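S.K.: Provided herewith: model.txt, compact mmCIF, C-alpha atoms.
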```txt
# COMPACT_ATOMS: atom_id res chain seq x y z
CA ILE A 20 23.92 -13.05 -17.56
CA LEU A 21 23.10 -16.41 -19.17
CA GLY A 22 25.25 -15.44 -22.14
CA ALA A 23 28.19 -14.51 -19.90
CA ALA A 24 27.75 -17.73 -17.89
CA THR A 25 27.83 -19.76 -21.12
CA PHE A 26 31.20 -18.26 -22.09
CA LEU A 27 32.45 -18.77 -18.51
CA GLU A 28 31.48 -22.45 -18.62
CA ALA A 29 33.13 -22.94 -22.02
CA ALA A 30 36.37 -21.35 -20.79
CA ARG A 31 36.58 -22.58 -17.17
CA GLY A 32 34.26 -25.59 -16.90
CA ARG A 33 30.86 -26.48 -15.47
CA GLU A 34 31.95 -26.33 -11.81
CA VAL A 35 33.07 -22.70 -12.14
CA ALA A 36 29.79 -21.64 -13.82
CA LEU A 37 27.74 -23.40 -11.13
CA TRP A 38 29.77 -21.87 -8.30
CA TYR A 39 29.81 -18.27 -9.55
CA VAL A 40 26.41 -18.05 -11.29
CA TYR A 41 23.83 -20.82 -11.38
CA ASN A 42 23.95 -21.97 -7.74
CA HIS A 43 23.62 -18.49 -6.25
CA LEU A 44 20.42 -17.22 -4.65
CA TRP A 45 20.70 -13.95 -6.60
CA PHE A 46 20.41 -15.93 -9.86
CA ILE A 47 17.23 -17.62 -8.59
CA LEU A 48 15.85 -14.18 -7.69
CA LEU A 49 16.54 -13.09 -11.28
CA LEU A 50 14.57 -16.10 -12.52
CA ALA A 51 11.70 -15.10 -10.21
CA LEU A 52 11.78 -11.53 -11.60
CA PHE A 53 11.78 -12.93 -15.13
CA ALA A 54 8.72 -15.05 -14.22
CA LEU A 55 7.00 -11.91 -12.89
CA ASN A 56 7.77 -10.14 -16.18
CA VAL A 57 6.30 -13.03 -18.20
CA ALA A 58 3.17 -13.10 -16.02
CA ALA A 59 2.78 -9.31 -16.45
CA ALA A 60 3.05 -9.66 -20.24
CA MET A 61 0.08 -12.05 -20.08
CA ALA A 62 -1.91 -9.93 -17.61
CA VAL A 63 -1.80 -6.69 -19.63
CA ARG A 64 -3.56 -8.45 -22.53
CA PHE A 65 -6.57 -9.43 -20.43
CA PRO A 66 -9.40 -10.01 -21.37
CA TRP A 67 -7.87 -12.65 -23.62
CA LYS A 68 -9.21 -13.52 -27.06
CA LEU A 69 -8.80 -16.55 -29.29
CA ARG A 70 -5.89 -14.88 -31.12
CA HIS A 71 -3.99 -14.85 -27.80
CA ALA A 72 -4.07 -18.67 -27.48
CA GLY A 73 -0.58 -19.33 -28.87
CA PHE A 74 0.90 -16.39 -26.97
CA LEU A 75 -0.60 -17.58 -23.67
CA LEU A 76 0.44 -21.19 -24.23
CA ALA A 77 4.07 -20.22 -24.93
CA HIS A 78 4.24 -17.90 -21.93
CA LEU A 79 2.69 -20.49 -19.63
CA GLY A 80 5.40 -22.84 -20.90
CA LEU A 81 8.05 -20.31 -19.88
CA LEU A 82 6.53 -20.10 -16.40
CA ALA A 83 6.52 -23.91 -16.13
CA ILE A 84 10.23 -24.07 -17.07
CA LEU A 85 11.10 -21.36 -14.53
CA ALA A 86 9.08 -23.11 -11.80
CA GLY A 87 10.86 -26.39 -12.57
CA SER A 88 14.27 -24.70 -12.46
CA ILE A 89 13.57 -23.15 -9.06
CA GLN A 90 12.29 -26.52 -7.77
CA THR A 91 15.52 -28.19 -8.96
CA PHE A 92 17.63 -25.53 -7.25
CA PHE A 93 16.07 -26.09 -3.83
CA ARG A 94 15.36 -29.85 -3.92
CA GLY A 95 17.64 -31.34 -6.58
CA ILE A 96 20.26 -33.94 -5.65
CA GLU A 97 23.39 -34.81 -7.63
CA GLY A 98 26.26 -37.12 -6.75
CA GLN A 99 28.35 -40.16 -7.72
CA VAL A 100 28.24 -43.87 -6.98
CA SER A 101 31.54 -45.80 -7.25
CA ILE A 102 31.45 -49.62 -7.30
CA VAL A 103 34.30 -52.12 -7.72
CA GLU A 104 33.55 -55.34 -9.62
CA GLY A 105 32.10 -57.87 -7.17
CA ALA A 106 31.34 -55.20 -4.55
CA THR A 107 28.09 -53.51 -3.47
CA ALA A 108 27.22 -49.85 -2.90
CA GLU A 109 24.22 -48.44 -1.06
CA THR A 110 25.34 -44.79 -0.70
CA MET A 111 26.31 -41.96 -3.01
CA PHE A 112 28.98 -39.28 -2.70
CA MET A 113 27.58 -35.74 -2.74
CA THR A 114 30.27 -34.26 -4.98
CA SER A 115 29.07 -30.69 -4.31
CA GLN A 116 29.36 -31.10 -0.52
CA SER A 117 32.70 -31.75 1.19
CA GLN A 118 33.52 -32.13 4.88
CA VAL A 119 36.39 -32.70 7.29
CA ARG A 120 35.45 -35.64 9.53
CA VAL A 121 36.93 -36.47 12.93
CA SER A 122 36.30 -40.03 14.16
CA TRP A 123 37.30 -41.95 17.28
CA THR A 124 36.16 -44.79 19.54
CA GLU A 125 35.63 -44.90 23.29
CA GLY A 126 35.10 -48.45 24.47
CA GLU A 127 32.56 -49.92 22.08
CA GLU A 128 31.09 -46.56 21.07
CA GLU A 129 32.05 -44.79 17.85
CA PHE A 130 31.94 -41.00 17.49
CA ASP A 131 31.98 -38.80 14.37
CA LEU A 132 32.25 -35.03 14.06
CA ASP A 133 31.57 -33.54 10.63
CA PHE A 134 32.76 -30.04 9.70
CA PRO A 135 31.06 -28.95 6.42
CA PHE A 136 33.46 -27.34 3.94
CA GLN A 137 32.62 -25.73 0.59
CA PRO A 138 35.94 -24.53 -0.88
CA GLY A 139 34.87 -23.58 -4.41
CA PRO A 140 36.15 -24.75 -7.81
CA VAL A 141 39.50 -22.90 -7.95
CA ASP A 142 42.72 -22.73 -5.92
CA TRP A 143 42.65 -20.32 -3.00
CA ARG A 144 44.71 -17.18 -3.24
CA ARG A 145 47.77 -16.93 -1.00
CA GLY A 146 46.90 -16.11 2.63
CA LYS A 147 43.25 -17.18 2.47
CA THR A 148 42.11 -19.45 5.34
CA ARG A 149 38.77 -20.70 6.65
CA TYR A 150 37.80 -21.58 10.22
CA LEU A 151 35.39 -24.52 10.14
CA GLY A 152 34.42 -24.44 13.80
CA GLU A 153 34.93 -26.17 17.15
CA SER A 154 33.23 -29.19 18.68
CA ASP A 155 34.14 -31.44 21.63
CA GLY A 156 37.38 -29.51 22.15
CA ILE A 157 38.50 -29.96 18.52
CA GLU A 158 39.00 -26.94 16.24
CA ILE A 159 39.45 -27.23 12.49
CA THR A 160 40.97 -24.55 10.23
CA VAL A 161 41.79 -24.95 6.53
CA LEU A 162 44.97 -23.08 5.60
CA LYS A 163 45.31 -23.92 1.89
CA PHE A 164 43.15 -25.42 -0.83
CA TYR A 165 44.17 -26.80 -4.24
CA ARG A 166 41.39 -27.87 -6.60
CA TYR A 167 43.60 -30.46 -8.33
CA ALA A 168 46.61 -31.66 -6.37
CA GLN A 169 49.53 -34.02 -6.88
CA ALA A 170 51.46 -35.50 -3.95
CA ARG A 171 55.12 -34.79 -3.22
CA THR A 172 56.10 -37.34 -0.55
CA THR A 173 58.58 -36.80 2.29
CA SER A 174 59.77 -39.64 4.50
CA GLY A 175 59.54 -39.73 8.29
CA ASP A 176 55.90 -40.36 9.16
CA ASP A 177 54.85 -43.88 10.09
CA SER A 178 51.14 -43.00 10.36
CA ARG A 179 50.67 -43.64 6.64
CA PRO A 180 50.32 -47.17 5.28
CA ASP A 181 53.52 -46.78 3.27
CA GLY A 182 55.46 -44.79 5.88
CA GLN A 183 55.10 -41.58 3.89
CA ASP A 184 53.62 -38.19 4.67
CA ALA A 185 52.89 -35.84 1.80
CA ALA A 186 52.89 -32.25 0.72
CA PHE A 187 50.94 -31.30 -2.39
CA ARG A 188 51.39 -29.07 -5.39
CA SER A 189 48.64 -27.60 -7.52
CA ILE A 190 48.21 -28.84 -11.08
CA THR A 191 45.98 -27.67 -13.92
CA PRO A 192 43.01 -29.77 -15.11
CA ALA A 193 44.90 -30.48 -18.35
CA ASP A 194 47.72 -32.12 -16.35
CA ARG A 195 45.45 -34.66 -14.67
CA ASP A 196 45.99 -38.28 -15.58
CA SER A 197 43.52 -41.17 -15.69
CA THR A 198 43.43 -41.37 -11.88
CA SER A 199 41.43 -38.10 -11.82
CA LEU A 200 43.34 -36.41 -9.00
CA ASP A 201 41.07 -34.66 -6.53
CA ALA A 202 41.34 -31.60 -4.30
CA ALA A 203 43.77 -31.30 -1.36
CA ILE A 204 43.77 -29.12 1.76
CA LEU A 205 46.35 -28.08 4.33
CA VAL A 206 44.39 -28.48 7.56
CA GLU A 207 45.15 -27.30 11.10
CA VAL A 208 43.67 -29.34 13.96
CA SER A 209 43.80 -27.69 17.41
CA THR A 210 43.04 -29.76 20.50
CA SER A 211 44.30 -29.86 24.10
CA GLY A 212 46.41 -26.73 23.50
CA LYS A 213 48.32 -28.30 20.59
CA LYS A 214 48.17 -27.59 16.87
CA HIS A 215 48.76 -30.15 14.15
CA GLU A 216 49.17 -29.26 10.45
CA PHE A 217 49.05 -31.77 7.60
CA TRP A 218 47.78 -32.24 4.06
CA LEU A 219 44.76 -34.33 3.08
CA ARG A 220 43.51 -35.24 -0.40
CA ARG A 221 39.77 -35.73 -0.71
CA ASN A 222 38.48 -39.32 -0.78
CA ASP A 223 42.00 -40.67 -1.27
CA GLN A 224 42.74 -44.13 0.11
CA GLN A 225 46.37 -43.23 0.84
CA TYR A 226 46.41 -39.51 1.61
CA GLY A 227 42.80 -38.86 2.53
CA TYR A 228 43.22 -39.37 6.29
CA LYS A 229 45.59 -38.80 9.22
CA MET A 230 45.82 -40.52 12.62
CA LEU A 231 46.49 -38.36 15.71
CA THR A 232 46.89 -39.53 19.31
CA VAL A 233 45.60 -36.84 21.69
CA ASP A 234 44.91 -37.40 25.42
CA ASP A 235 44.59 -41.19 25.02
CA ARG A 236 42.23 -40.71 22.07
CA ARG A 237 43.19 -41.87 18.59
CA LEU A 238 41.60 -39.38 16.22
CA LEU A 239 41.08 -40.22 12.57
CA ILE A 240 40.96 -36.98 10.54
CA SER A 241 39.69 -37.36 6.97
CA PHE A 242 38.71 -35.13 4.04
CA VAL A 243 35.69 -36.68 2.32
CA TYR A 244 32.56 -36.00 0.32
CA ALA A 245 29.29 -35.96 2.22
CA ILE A 246 27.44 -39.27 1.90
CA ARG A 247 23.73 -39.86 1.24
CA PRO A 248 21.90 -43.24 1.21
CA LEU A 249 20.41 -44.40 -2.08
CA GLY A 250 17.60 -46.36 -0.45
CA PHE A 251 18.64 -49.52 -2.32
CA GLU A 252 21.79 -51.53 -3.15
CA LEU A 253 23.73 -51.93 -6.38
CA GLU A 254 26.19 -54.78 -6.97
CA LEU A 255 28.57 -54.49 -9.93
CA ILE A 256 28.57 -57.86 -11.68
CA ASP A 257 30.66 -56.87 -14.71
CA PHE A 258 32.04 -53.73 -16.32
CA THR A 259 32.68 -53.72 -20.07
CA ARG A 260 34.32 -51.29 -22.47
CA GLY A 261 33.70 -51.14 -26.20
CA LYS A 262 36.73 -50.21 -28.31
CA ASN A 263 36.83 -47.96 -31.36
CA PRO A 264 37.81 -49.59 -34.68
CA GLY A 265 41.48 -50.46 -34.55
CA GLY A 266 41.43 -50.61 -30.76
CA MET A 267 42.23 -46.91 -30.33
CA GLY A 268 40.26 -45.44 -27.41
CA ASN A 269 37.00 -46.42 -25.75
CA ALA A 270 33.78 -46.22 -27.73
CA SER A 271 31.39 -47.09 -24.90
CA PHE A 272 31.11 -48.12 -21.24
CA ALA A 273 28.51 -50.41 -19.69
CA SER A 274 27.89 -51.73 -16.18
CA GLU A 275 25.94 -54.90 -15.53
CA VAL A 276 24.52 -54.46 -12.04
CA ARG A 277 22.28 -56.29 -9.60
CA LEU A 278 19.57 -54.07 -8.10
CA ILE A 279 18.56 -55.07 -4.58
CA ASP A 280 15.74 -53.44 -2.61
CA LYS A 281 14.98 -55.61 0.41
CA ALA A 282 12.08 -53.43 1.55
CA GLU A 283 10.28 -53.91 -1.79
CA GLY A 284 11.46 -57.50 -2.33
CA ILE A 285 13.30 -56.58 -5.55
CA ASP A 286 16.38 -58.46 -6.75
CA ARG A 287 17.06 -58.20 -10.47
CA LYS A 288 19.86 -57.68 -12.96
CA THR A 289 20.03 -54.70 -15.31
CA LYS A 290 22.56 -52.89 -17.50
CA ILE A 291 23.56 -49.23 -17.29
CA SER A 292 25.26 -47.83 -20.39
CA MET A 293 26.12 -44.41 -21.75
CA ASN A 294 22.77 -44.06 -23.57
CA SER A 295 20.67 -46.22 -21.24
CA PRO A 296 20.45 -44.94 -17.64
CA LEU A 297 18.75 -46.76 -14.76
CA THR A 298 15.84 -45.02 -13.06
CA TYR A 299 14.75 -46.47 -9.73
CA GLY A 300 13.08 -44.81 -6.77
CA LYS A 301 13.78 -41.10 -7.06
CA PHE A 302 17.26 -41.48 -8.60
CA THR A 303 18.42 -41.79 -12.20
CA LEU A 304 21.88 -43.36 -12.58
CA TYR A 305 24.00 -42.63 -15.65
CA GLN A 306 27.21 -44.32 -16.78
CA SER A 307 29.82 -41.60 -16.15
CA SER A 308 33.36 -43.03 -16.17
CA TYR A 309 35.56 -45.80 -14.75
CA ARG A 310 38.86 -46.47 -13.02
CA GLU A 311 41.32 -49.34 -13.29
CA LEU A 312 42.31 -50.91 -9.96
CA GLY A 313 44.93 -53.52 -10.78
CA ASP A 314 43.16 -56.62 -12.08
CA ARG A 315 39.71 -55.16 -11.38
CA GLU A 316 37.77 -52.17 -12.62
CA MET A 317 35.57 -49.68 -10.81
CA THR A 318 32.56 -48.08 -12.45
CA VAL A 319 31.61 -44.49 -11.67
CA LEU A 320 27.91 -43.68 -12.00
CA SER A 321 26.32 -40.24 -11.82
CA ALA A 322 23.23 -40.23 -9.60
CA ALA A 323 20.67 -37.45 -9.94
CA HIS A 324 17.25 -36.55 -8.57
CA ASP A 325 15.59 -33.66 -10.40
CA PRO A 326 12.13 -32.90 -8.97
CA GLY A 327 11.64 -30.11 -11.52
CA ARG A 328 12.29 -32.20 -14.62
CA PHE A 329 8.62 -32.87 -15.42
CA LEU A 330 7.78 -29.15 -15.33
CA LYS A 331 10.78 -28.32 -17.53
CA TYR A 332 9.82 -30.94 -20.13
CA LEU A 333 6.17 -29.87 -20.00
CA GLY A 334 7.11 -26.20 -20.39
CA SER A 335 9.33 -26.97 -23.39
CA ILE A 336 6.46 -28.78 -25.14
CA MET A 337 4.07 -25.90 -24.36
CA ILE A 338 6.47 -23.32 -25.85
CA CYS A 339 6.80 -25.35 -29.06
CA LEU A 340 3.02 -25.79 -29.34
CA GLY A 341 2.43 -22.11 -28.55
CA ALA A 342 4.89 -21.05 -31.26
CA ALA A 343 3.16 -23.39 -33.75
CA VAL A 344 -0.28 -21.97 -32.88
CA MET A 345 0.96 -18.37 -33.29
CA LEU A 346 2.42 -19.20 -36.72
CA CYS A 347 -0.85 -20.80 -37.80
```
How does the structure come out when it is put into structure tokens?
M.R.:
Amino acid sequence: ILGAATFLEAARGREVALWYVYNHLWFILLLALFALNVAAAMAVRFPWKLRHAGFLLAHLGLLAILAGSIQTFFRGIEGQVSIVEGATAETMFMTSQSQVRVSWTEGEEEFDLDFPFQPGPVDWRRGKTRYLGESDGIEITVLKFYRYAQARTTSGDDSRPDGQDAAFRSITPADRDSTSLDAAILVEVSTSGKKHEFWLRRNDQQYGYKMLTVDDRRLLISFVYAIRPLGFELELIDFTRGKNPGGMGNASFASEVRLIDKAEGIDRKTKISMNSPLTYGKFTLYQSSYRELGDREMTVLSAAHDPGRFLKYLGSIMICLGAAVMLC
């Protein structure tokens, strides 16, 4: 199965392999069965002798790696932090968790309804729909999903900043440009006996939301990633790009940031580059990519928390030492 998943990832990408193999409970159960097999291989050789030392060390290393992998599956966190030069971020986008959010205000109170939505890494087949649920008289149904979508605007809707509404067409990953086009959904919102259909593109400043007026309530419908607090703040002071010889293409990216943790009294500058991540608290932040926004640039950092990493490193060392002992 690992061999098949490797070919699947090479052909279709990491997201597809995660969705169809690695992030499934049945795959974790296979790891648990493999761990049981390894433990049995050790048990049948009991009582152990000195000549079993390398064998036991290597197999204990395998068990440590499997335990770390299972720990990562259940408690690991992975997302992105986007910061514009001169701005500050204190939250991360959970790129594996999407949601349709409905927001409105009543007097001075603000209300949010979140409908979790996990569409998968590929376009939906024709006719597939998904009912996300009902809350406070608002029902959400997703009618279409495109993993990568490009807008085709049609005039006649003044609820957009530029007076445009949009339909979307699916594009292949190879057709994406530097703006890294995201997923889009055709959503149906039912409330007060009326149905409203419109397209939304995830986390898009122009097409990522829609305003509806229903029964004197102005509803803001948006398609966004789930958000998680970092526990500290990052301010992007400067983003730099190193060029290849001759100026053709980027050789490196680096973000000079200011790390602020008011609870711990920390305020210091540091640099995050492609080969030099920042580890603070429980998160490690890696330089991932960037976007150009007119006269400013936005850095994109990958944020990860892997509680099983120590066990996986320890297990790898134990396997190498066990193999060396067996050879000796």
S.K.: Would you list the contacts of Ala86 in chain A as a ChimeraX atom specification, taking every protein, DNA or RNA residue within 12 Å and counting only C-alpha atoms, but skipping same-chain residues closer than 4 positions in sequence?
M.R.: /A:47-48,50-55,79-82,90-93,326-334
S.K.: What is the CA of Leu44 in chain A to CA of Pro135 in chain A distance in Å?
M.R.: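 Atom-to-atom, CA of Leu44 in chain A and CA of Pro135 in chain A are spaced 19.3 Å apart.
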S.K.: Report the distance between CA of Lys214 in chain A and CA of Thr160 in chain A in Å, rounded to one decimal place.
M.R.: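 Calculated distance between CA of Lys214 in chain A and CA of Thr160 in chain A is 10.3 Å.
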S.K.: Write out as a PyMOL selection string each polymer residue whose atoms come within 12 Å of Ala24 in chain A, counting all atoms listed in the file; drop sequence neighbours fewer than 6 positions from it.
M.R.: chain A and resi 30-42+46
S.K.: Pick from A:Asp223, A:Asp234, A:Glu97, A:Glu283: nearest to Ser211 in chain A, with all atoms listed in the file counted?
M.R.: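 Closest to Ser211 in chain A, using all atoms listed in the file: A:Asp234.
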S.K.: Listed atoms of range 90-96 of chain A, axis-aligned box, 5 Å per side: centre and edge lengths to one decimal in Å, as lines of an AutoDock Vina configuration file?
M.R.:
```
center_x = 16.3
center_y = -29.7
center_z = -6.4
size_x = 18.0
size_y = 18.4
size_z = 15.1
```
S.K.: Under the rule that all atoms listed in the file are counted, which of A:Arg144, A:Ser274, A:Glu216, A:Thr110 is the nearest residue to Phe251 in chain A?
M.R.: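 Ranked by minimum distance to Phe251 in chain A, first place goes to A:Thr110.
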S.K.: Output range 156-167 of chain A with all heavy atoms present, as a PDB file, in the coordinates of the input.
M.R.:
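Output (part.pdb):
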```pdb
ATOM      1  N   GLY A 156      35.997 -29.877  21.907  1.00  0.00           N
ATOM      2  CA  GLY A 156      37.380 -29.510  22.150  1.00  0.00           C
ATOM      3  C   GLY A 156      38.282 -29.608  20.944  1.00  0.00           C
ATOM      4  O   GLY A 156      39.507 -29.474  21.066  1.00  0.00           O
ATOM      5  N   ILE A 157      37.708 -29.817  19.749  1.00  0.00           N
ATOM      6  CA  ILE A 157      38.500 -29.960  18.520  1.00  0.00           C
ATOM      7  C   ILE A 157      38.157 -28.811  17.578  1.00  0.00           C
ATOM      8  O   ILE A 157      36.993 -28.594  17.239  1.00  0.00           O
ATOM      9  CB  ILE A 157      38.220 -31.306  17.833  1.00  0.00           C
ATOM     10  CG1 ILE A 157      38.543 -32.467  18.783  1.00  0.00           C
ATOM     11  CG2 ILE A 157      39.012 -31.430  16.537  1.00  0.00           C
ATOM     12  CD1 ILE A 157      38.087 -33.808  18.275  1.00  0.00           C
ATOM     13  N   GLU A 158      39.174 -28.048  17.182  1.00  0.00           N
ATOM     14  CA  GLU A 158      39.000 -26.940  16.240  1.00  0.00           C
ATOM     15  C   GLU A 158      39.646 -27.279  14.911  1.00  0.00           C
ATOM     16  O   GLU A 158      40.747 -27.821  14.870  1.00  0.00           O
ATOM     17  CB  GLU A 158      39.614 -25.659  16.799  1.00  0.00           C
ATOM     18  CG  GLU A 158      38.935 -25.112  18.046  1.00  0.00           C
ATOM     19  CD  GLU A 158      39.550 -23.800  18.477  1.00  0.00           C
ATOM     20  OE1 GLU A 158      39.179 -22.756  17.908  1.00  0.00           O
ATOM     21  OE2 GLU A 158      40.422 -23.825  19.369  1.00  0.00           O
ATOM     22  N   ILE A 159      38.955 -26.937  13.834  1.00  0.00           N
ATOM     23  CA  ILE A 159      39.450 -27.230  12.490  1.00  0.00           C
ATOM     24  C   ILE A 159      39.559 -25.928  11.697  1.00  0.00           C
ATOM     25  O   ILE A 159      38.606 -25.147  11.617  1.00  0.00           O
ATOM     26  CB  ILE A 159      38.511 -28.199  11.745  1.00  0.00           C
ATOM     27  CG1 ILE A 159      38.316 -29.496  12.531  1.00  0.00           C
ATOM     28  CG2 ILE A 159      39.042 -28.486  10.345  1.00  0.00           C
ATOM     29  CD1 ILE A 159      39.545 -30.357  12.627  1.00  0.00           C
ATOM     30  N   THR A 160      40.740 -25.697  11.110  1.00  0.00           N
ATOM     31  CA  THR A 160      40.970 -24.550  10.230  1.00  0.00           C
ATOM     32  C   THR A 160      41.652 -25.050   8.953  1.00  0.00           C
ATOM     33  O   THR A 160      42.602 -25.833   9.024  1.00  0.00           O
ATOM     34  CB  THR A 160      41.864 -23.497  10.902  1.00  0.00           C
ATOM     35  OG1 THR A 160      41.268 -23.092  12.137  1.00  0.00           O
ATOM     36  CG2 THR A 160      42.034 -22.283  10.006  1.00  0.00           C
ATOM     37  N   VAL A 161      41.162 -24.615   7.813  1.00  0.00           N
ATOM     38  CA  VAL A 161      41.790 -24.950   6.530  1.00  0.00           C
ATOM     39  C   VAL A 161      42.696 -23.798   6.120  1.00  0.00           C
ATOM     40  O   VAL A 161      42.257 -22.653   6.015  1.00  0.00           O
ATOM     41  CB  VAL A 161      40.743 -25.233   5.446  1.00  0.00           C
ATOM     42  CG1 VAL A 161      41.431 -25.536   4.111  1.00  0.00           C
ATOM     43  CG2 VAL A 161      39.860 -26.400   5.852  1.00  0.00           C
ATOM     44  N   LEU A 162      43.977 -24.104   5.897  1.00  0.00           N
ATOM     45  CA  LEU A 162      44.970 -23.080   5.600  1.00  0.00           C
ATOM     46  C   LEU A 162      45.243 -22.904   4.114  1.00  0.00           C
ATOM     47  O   LEU A 162      45.600 -21.814   3.674  1.00  0.00           O
ATOM     48  CB  LEU A 162      46.290 -23.416   6.321  1.00  0.00           C
ATOM     49  CG  LEU A 162      46.189 -23.636   7.839  1.00  0.00           C
ATOM     50  CD1 LEU A 162      47.551 -24.025   8.396  1.00  0.00           C
ATOM     51  CD2 LEU A 162      45.653 -22.397   8.533  1.00  0.00           C
ATOM     52  N   LYS A 163      45.108 -23.988   3.325  1.00  0.00           N
ATOM     53  CA  LYS A 163      45.310 -23.920   1.890  1.00  0.00           C
ATOM     54  C   LYS A 163      44.348 -24.880   1.201  1.00  0.00           C
ATOM     55  O   LYS A 163      43.948 -25.890   1.777  1.00  0.00           O
ATOM     56  CB  LYS A 163      46.753 -24.300   1.499  1.00  0.00           C
ATOM     57  CG  LYS A 163      47.815 -23.289   1.890  1.00  0.00           C
ATOM     58  CD  LYS A 163      49.199 -23.744   1.400  1.00  0.00           C
ATOM     59  CE  LYS A 163      50.283 -22.746   1.795  1.00  0.00           C
ATOM     60  NZ  LYS A 163      51.612 -23.178   1.316  1.00  0.00           N
ATOM     61  N   PHE A 164      44.006 -24.551  -0.034  1.00  0.00           N
ATOM     62  CA  PHE A 164      43.150 -25.420  -0.830  1.00  0.00           C
ATOM     63  C   PHE A 164      43.623 -25.426  -2.269  1.00  0.00           C
ATOM     64  O   PHE A 164      43.795 -24.365  -2.876  1.00  0.00           O
ATOM     65  CB  PHE A 164      41.688 -24.967  -0.766  1.00  0.00           C
ATOM     66  CG  PHE A 164      40.796 -25.686  -1.749  1.00  0.00           C
ATOM     67  CD1 PHE A 164      40.335 -26.960  -1.482  1.00  0.00           C
ATOM     68  CD2 PHE A 164      40.439 -25.083  -2.954  1.00  0.00           C
ATOM     69  CE1 PHE A 164      39.527 -27.626  -2.397  1.00  0.00           C
ATOM     70  CE2 PHE A 164      39.633 -25.748  -3.867  1.00  0.00           C
ATOM     71  CZ  PHE A 164      39.178 -27.015  -3.582  1.00  0.00           C
ATOM     72  N   TYR A 165      43.856 -26.630  -2.832  1.00  0.00           N
ATOM     73  CA  TYR A 165      44.170 -26.800  -4.240  1.00  0.00           C
ATOM     74  C   TYR A 165      43.071 -27.637  -4.882  1.00  0.00           C
ATOM     75  O   TYR A 165      42.752 -28.730  -4.390  1.00  0.00           O
ATOM     76  CB  TYR A 165      45.512 -27.531  -4.432  1.00  0.00           C
ATOM     77  CG  TYR A 165      46.726 -26.764  -3.962  1.00  0.00           C
ATOM     78  CD1 TYR A 165      47.849 -27.435  -3.489  1.00  0.00           C
ATOM     79  CD2 TYR A 165      46.765 -25.369  -4.004  1.00  0.00           C
ATOM     80  CE1 TYR A 165      48.973 -26.740  -3.063  1.00  0.00           C
ATOM     81  CE2 TYR A 165      47.878 -24.666  -3.580  1.00  0.00           C
ATOM     82  CZ  TYR A 165      48.977 -25.364  -3.111  1.00  0.00           C
ATOM     83  OH  TYR A 165      50.082 -24.673  -2.685  1.00  0.00           O
ATOM     84  N   ARG A 166      42.492 -27.139  -5.969  1.00  0.00           N
ATOM     85  CA  ARG A 166      41.390 -27.870  -6.600  1.00  0.00           C
ATOM     86  C   ARG A 166      41.855 -29.202  -7.182  1.00  0.00           C
ATOM     87  O   ARG A 166      41.181 -30.205  -7.063  1.00  0.00           O
ATOM     88  CB  ARG A 166      40.759 -27.001  -7.705  1.00  0.00           C
ATOM     89  CG  ARG A 166      39.643 -27.719  -8.469  1.00  0.00           C
ATOM     90  CD  ARG A 166      38.522 -28.120  -7.549  1.00  0.00           C
ATOM     91  NE  ARG A 166      37.527 -28.955  -8.216  1.00  0.00           N
ATOM     92  CZ  ARG A 166      37.560 -30.278  -8.235  1.00  0.00           C
ATOM     93  NH1 ARG A 166      38.552 -30.928  -7.646  1.00  0.00           N
ATOM     94  NH2 ARG A 166      36.609 -30.976  -8.821  1.00  0.00           N
ATOM     95  N   TYR A 167      42.992 -29.215  -7.849  1.00  0.00           N
ATOM     96  CA  TYR A 167      43.600 -30.460  -8.330  1.00  0.00           C
ATOM     97  C   TYR A 167      45.009 -30.517  -7.777  1.00  0.00           C
ATOM     98  O   TYR A 167      45.788 -29.576  -7.960  1.00  0.00           O
ATOM     99  CB  TYR A 167      43.618 -30.522  -9.864  1.00  0.00           C
ATOM    100  CG  TYR A 167      42.241 -30.465 -10.482  1.00  0.00           C
ATOM    101  CD1 TYR A 167      41.813 -29.331 -11.168  1.00  0.00           C
ATOM    102  CD2 TYR A 167      41.367 -31.538 -10.368  1.00  0.00           C
ATOM    103  CE1 TYR A 167      40.543 -29.274 -11.727  1.00  0.00           C
ATOM    104  CE2 TYR A 167      40.095 -31.481 -10.927  1.00  0.00           C
ATOM    105  CZ  TYR A 167      39.694 -30.354 -11.600  1.00  0.00           C
ATOM    106  OH  TYR A 167      38.435 -30.292 -12.144  1.00  0.00           O
TER     107      TYR A 167
END
```
